[in-house]
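The structure file upload.cif is reproduced below (mmCIF, N, CA and C atoms and all ligand atoms).
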data_final
loop_
_atom_site.group_PDB
_atom_site.id
_atom_site.type_symbol
_atom_site.label_atom_id
_atom_site.label_comp_id
_atom_site.auth_asym_id
_atom_site.auth_seq_id
_atom_site.Cartn_x
_atom_site.Cartn_y
_atom_site.Cartn_z
ATOM 1 N N MET A 1 2.968 15.062 9.800
ATOM 2 C CA MET A 1 2.566 13.761 9.250
ATOM 3 C C MET A 1 3.308 13.512 7.937
ATOM 4 N N ASN A 2 4.035 12.463 7.876
ATOM 5 C CA ASN A 2 4.809 12.168 6.668
ATOM 6 C C ASN A 2 3.990 11.394 5.652
ATOM 7 N N THR A 3 3.956 11.913 4.472
ATOM 8 C CA THR A 3 3.331 11.170 3.385
ATOM 9 C C THR A 3 4.336 11.097 2.247
ATOM 10 N N VAL A 4 4.073 10.198 1.343
ATOM 11 C CA VAL A 4 5.000 10.029 0.236
ATOM 12 C C VAL A 4 4.225 9.800 -1.059
ATOM 13 N N THR A 5 4.792 10.278 -2.135
ATOM 14 C CA THR A 5 4.218 10.033 -3.451
ATOM 15 C C THR A 5 5.277 9.328 -4.293
ATOM 16 N N GLY A 6 4.872 8.257 -4.910
ATOM 17 C CA GLY A 6 5.836 7.498 -5.702
ATOM 18 C C GLY A 6 5.205 6.191 -6.123
ATOM 19 N N SER A 7 6.013 5.156 -6.213
ATOM 20 C CA SER A 7 5.458 3.864 -6.574
ATOM 21 C C SER A 7 6.191 2.764 -5.828
ATOM 22 N N GLY A 8 5.459 1.692 -5.610
ATOM 23 C CA GLY A 8 6.038 0.549 -4.926
ATOM 24 C C GLY A 8 5.652 -0.717 -5.669
ATOM 25 N N GLU A 9 6.344 -1.790 -5.348
ATOM 26 C CA GLU A 9 6.064 -3.037 -6.055
ATOM 27 C C GLU A 9 5.016 -3.848 -5.319
ATOM 28 N N CYS A 10 4.000 -4.260 -6.066
ATOM 29 C CA CYS A 10 2.964 -5.100 -5.494
ATOM 30 C C CYS A 10 3.529 -6.500 -5.236
ATOM 31 N N PRO A 11 3.419 -6.996 -4.011
ATOM 32 C CA PRO A 11 3.952 -8.323 -3.708
ATOM 33 C C PRO A 11 3.123 -9.445 -4.331
ATOM 34 N N GLU A 12 1.949 -9.110 -4.822
ATOM 35 C CA GLU A 12 1.062 -10.113 -5.396
ATOM 36 C C GLU A 12 1.338 -10.322 -6.881
ATOM 37 N N CYS A 13 1.411 -9.232 -7.630
ATOM 38 C CA CYS A 13 1.579 -9.363 -9.082
ATOM 39 C C CYS A 13 2.874 -8.719 -9.575
ATOM 40 N N PHE A 14 3.640 -8.135 -8.651
ATOM 41 C CA PHE A 14 4.942 -7.538 -8.961
ATOM 42 C C PHE A 14 4.855 -6.394 -9.956
ATOM 43 N N ASP A 15 3.687 -5.804 -10.022
ATOM 44 C CA ASP A 15 3.533 -4.626 -10.856
ATOM 45 C C ASP A 15 3.851 -3.394 -9.999
ATOM 46 N N GLN A 16 4.099 -2.297 -10.648
ATOM 47 C CA GLN A 16 4.350 -1.073 -9.902
ATOM 48 C C GLN A 16 3.024 -0.409 -9.541
ATOM 49 N N VAL A 17 2.872 -0.086 -8.292
ATOM 50 C CA VAL A 17 1.649 0.546 -7.820
ATOM 51 C C VAL A 17 1.941 2.026 -7.569
ATOM 52 N N GLU A 18 1.165 2.872 -8.211
ATOM 53 C CA GLU A 18 1.344 4.307 -8.013
ATOM 54 C C GLU A 18 0.717 4.728 -6.693
ATOM 55 N N LEU A 19 1.468 5.482 -5.938
ATOM 56 C CA LEU A 19 0.982 5.938 -4.642
ATOM 57 C C LEU A 19 1.030 7.453 -4.602
ATOM 58 N N LYS A 20 0.017 8.033 -4.002
ATOM 59 C CA LYS A 20 0.001 9.491 -3.910
ATOM 60 C C LYS A 20 -0.349 9.917 -2.492
ATOM 61 N N ASP A 21 0.561 10.610 -1.881
ATOM 62 C CA ASP A 21 0.357 11.113 -0.514
ATOM 63 C C ASP A 21 -0.107 10.028 0.436
ATOM 64 N N VAL A 22 0.604 8.932 0.453
ATOM 65 C CA VAL A 22 0.222 7.857 1.371
ATOM 66 C C VAL A 22 1.051 7.941 2.646
ATOM 67 N N MET A 23 0.445 7.493 3.724
ATOM 68 C CA MET A 23 1.135 7.447 5.001
ATOM 69 C C MET A 23 1.571 6.020 5.259
ATOM 70 N N GLN A 24 2.501 5.893 6.179
ATOM 71 C CA GLN A 24 2.887 4.559 6.594
ATOM 72 C C GLN A 24 1.676 3.876 7.219
ATOM 73 N N ASN A 25 1.557 2.589 6.956
ATOM 74 C CA ASN A 25 0.455 1.757 7.456
ATOM 75 C C ASN A 25 -0.867 2.025 6.751
ATOM 76 N N GLU A 26 -0.842 2.871 5.732
ATOM 77 C CA GLU A 26 -2.076 3.095 4.988
ATOM 78 C C GLU A 26 -2.351 1.879 4.092
ATOM 79 N N ILE A 27 -3.642 1.620 3.873
ATOM 80 C CA ILE A 27 -4.020 0.526 2.999
ATOM 81 C C ILE A 27 -4.325 1.092 1.610
ATOM 82 N N VAL A 28 -3.671 0.545 0.618
ATOM 83 C CA VAL A 28 -3.912 0.986 -0.754
ATOM 84 C C VAL A 28 -4.306 -0.236 -1.576
ATOM 85 N N GLN A 29 -4.834 0.034 -2.753
ATOM 86 C CA GLN A 29 -5.241 -1.082 -3.592
ATOM 87 C C GLN A 29 -4.391 -1.100 -4.850
ATOM 88 N N CYS A 30 -3.920 -2.278 -5.209
ATOM 89 C CA CYS A 30 -3.156 -2.432 -6.431
ATOM 90 C C CYS A 30 -4.094 -2.251 -7.622
ATOM 91 N N SER A 31 -3.697 -1.384 -8.548
ATOM 92 C CA SER A 31 -4.568 -1.126 -9.689
ATOM 93 C C SER A 31 -4.522 -2.265 -10.695
ATOM 94 N N SER A 32 -3.534 -3.117 -10.596
ATOM 95 C CA SER A 32 -3.409 -4.219 -11.549
ATOM 96 C C SER A 32 -4.162 -5.462 -11.114
ATOM 97 N N CYS A 33 -3.954 -5.894 -9.862
ATOM 98 C CA CYS A 33 -4.591 -7.134 -9.423
ATOM 99 C C CYS A 33 -5.674 -6.897 -8.378
ATOM 100 N N GLY A 34 -5.795 -5.664 -7.884
ATOM 101 C CA GLY A 34 -6.870 -5.355 -6.949
ATOM 102 C C GLY A 34 -6.601 -5.770 -5.520
ATOM 103 N N ALA A 35 -5.403 -6.234 -5.241
ATOM 104 C CA ALA A 35 -5.086 -6.666 -3.883
ATOM 105 C C ALA A 35 -5.003 -5.473 -2.946
ATOM 106 N N ASP A 36 -5.402 -5.696 -1.706
ATOM 107 C CA ASP A 36 -5.242 -4.661 -0.693
ATOM 108 C C ASP A 36 -3.818 -4.747 -0.146
ATOM 109 N N LEU A 37 -3.153 -3.626 -0.172
ATOM 110 C CA LEU A 37 -1.753 -3.602 0.241
ATOM 111 C C LEU A 37 -1.555 -2.607 1.368
ATOM 112 N N GLU A 38 -0.712 -2.996 2.292
ATOM 113 C CA GLU A 38 -0.389 -2.089 3.381
ATOM 114 C C GLU A 38 0.970 -1.469 3.116
ATOM 115 N N VAL A 39 1.035 -0.174 3.314
ATOM 116 C CA VAL A 39 2.305 0.532 3.160
ATOM 117 C C VAL A 39 3.084 0.339 4.460
ATOM 118 N N THR A 40 4.022 -0.582 4.430
ATOM 119 C CA THR A 40 4.744 -0.887 5.665
ATOM 120 C C THR A 40 5.934 0.030 5.869
ATOM 121 N N SER A 41 6.334 0.711 4.813
ATOM 122 C CA SER A 41 7.434 1.663 4.924
ATOM 123 C C SER A 41 7.279 2.684 3.814
ATOM 124 N N ILE A 42 7.627 3.936 4.099
ATOM 125 C CA ILE A 42 7.514 4.951 3.046
ATOM 126 C C ILE A 42 8.876 5.453 2.585
ATOM 127 N N ASP A 43 9.932 5.047 3.247
ATOM 128 C CA ASP A 43 11.268 5.474 2.835
ATOM 129 C C ASP A 43 12.269 4.381 3.085
ATOM 130 N N PRO A 44 12.479 3.479 2.139
ATOM 131 C CA PRO A 44 11.852 3.461 0.820
ATOM 132 C C PRO A 44 10.431 2.915 0.889
ATOM 133 N N ILE A 45 9.694 3.080 -0.174
ATOM 134 C CA ILE A 45 8.320 2.584 -0.216
ATOM 135 C C ILE A 45 8.322 1.062 -0.248
ATOM 136 N N LYS A 46 7.579 0.488 0.667
ATOM 137 C CA LYS A 46 7.495 -0.956 0.746
ATOM 138 C C LYS A 46 6.034 -1.345 0.936
ATOM 139 N N LEU A 47 5.590 -2.315 0.154
ATOM 140 C CA LEU A 47 4.195 -2.743 0.236
ATOM 141 C C LEU A 47 4.124 -4.203 0.623
ATOM 142 N N GLU A 48 3.130 -4.498 1.471
ATOM 143 C CA GLU A 48 2.878 -5.893 1.817
ATOM 144 C C GLU A 48 1.390 -6.137 1.719
ATOM 145 N N LEU A 49 1.033 -7.384 1.518
ATOM 146 C CA LEU A 49 -0.383 -7.722 1.462
ATOM 147 C C LEU A 49 -1.037 -7.381 2.794
ATOM 148 N N ALA A 50 -2.145 -6.681 2.717
ATOM 149 C CA ALA A 50 -2.855 -6.332 3.941
ATOM 150 C C ALA A 50 -3.609 -7.557 4.439
ATOM 151 N N PRO A 51 -3.723 -7.703 5.750
ATOM 152 C CA PRO A 51 -4.528 -8.807 6.283
ATOM 153 C C PRO A 51 -5.971 -8.651 5.845
ATOM 154 N N GLU A 52 -6.606 -9.754 5.499
ATOM 155 C CA GLU A 52 -7.976 -9.655 4.969
ATOM 156 C C GLU A 52 -9.002 -9.383 6.047
ATOM 157 N N GLU A 53 -8.699 -9.833 7.239
ATOM 158 C CA GLU A 53 -9.620 -9.584 8.338
ATOM 159 C C GLU A 53 -9.599 -8.095 8.676
ATOM 160 N N GLU A 54 -10.540 -7.680 9.468
ATOM 161 C CA GLU A 54 -10.551 -6.316 9.956
ATOM 162 C C GLU A 54 -10.594 -5.288 8.830
ATOM 163 N N GLU A 55 -11.633 -5.348 8.040
ATOM 164 C CA GLU A 55 -11.774 -4.340 7.003
ATOM 165 C C GLU A 55 -12.059 -2.987 7.611
ATOM 166 N N ASP A 56 -12.696 -3.018 8.740
ATOM 167 C CA ASP A 56 -13.070 -1.779 9.397
ATOM 168 C C ASP A 56 -11.923 -1.290 10.277
ATOM 169 N N TRP A 57 -10.964 -0.641 9.608
ATOM 170 C CA TRP A 57 -9.786 -0.202 10.342
ATOM 171 C C TRP A 57 -9.804 1.308 10.555
ATOM 172 N N GLY A 58 -10.895 1.935 10.140
ATOM 173 C CA GLY A 58 -10.982 3.386 10.230
ATOM 174 C C GLY A 58 -10.968 3.878 11.666
ATOM 175 N N GLU A 59 -10.852 5.169 11.799
ATOM 176 C CA GLU A 59 -10.740 5.715 13.132
ATOM 177 C C GLU A 59 -12.073 6.205 13.639
HETATM 178 ZN ZN ZN B 101 -0.943 -6.314 -7.753
#

Re-express the file's structure as structure tokens.
Amino acid sequence: MNTVTGSGECPECFDQVELKDVMQNEIVQCSSCGADLEVTSIDPIKLELAPEEEEDWGE
């Protein structure tokens, strides 16, 4: 399972979001604006706004 630690740019507020051991498609929260972000790529790290629907995405 590939995970990555680093930072990516929040598409909402353009701040750098610190990421630790995240997987692709994981949902993270921007510490600056609180937006839910989906890790769409981990190499390089790319973040996109997560869809608001379907909060219950757990397994
Ligand atoms: Zn943000």

| Target residues per the PyMOL selection byres (((not hetatm) and name CA) within 6 of (chain B and resi 101)), formatted as a PyMOL selection string | chain A and resi 10+12-13+15+30+32-33+35

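Excluding Thr40 (chain A) itself and same-chain residues fewer than 2 positions from it, the residues having an atom within 10 Å of it are Met23, Gln24, Asn25, Glu26, Ile27, Leu37, Glu38, Ile42, Asp43, Pro44, Ile45, Lys46, Leu47, Glu48, Leu49 and Ala50 of chain A, counting only C-alpha atoms.
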
| task | Please write as a PyMOL selection string the full residue list that the PyMOL selection byres (((chain A and resi 8 and name CA) around 6) and not hetatm and name CA) yields on this file. | result | chain A and resi 7+9+16-17+45

| Can you tell me how far atom N of Asp21 (chain A) sits from CA of Val4 (chain A), in Å to one decimal? | 5.0 Å

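Reported to one decimal place, the separation of atom C of Asn2 (chain A) from atom N of Val22 (chain A) is 6.7 Å.
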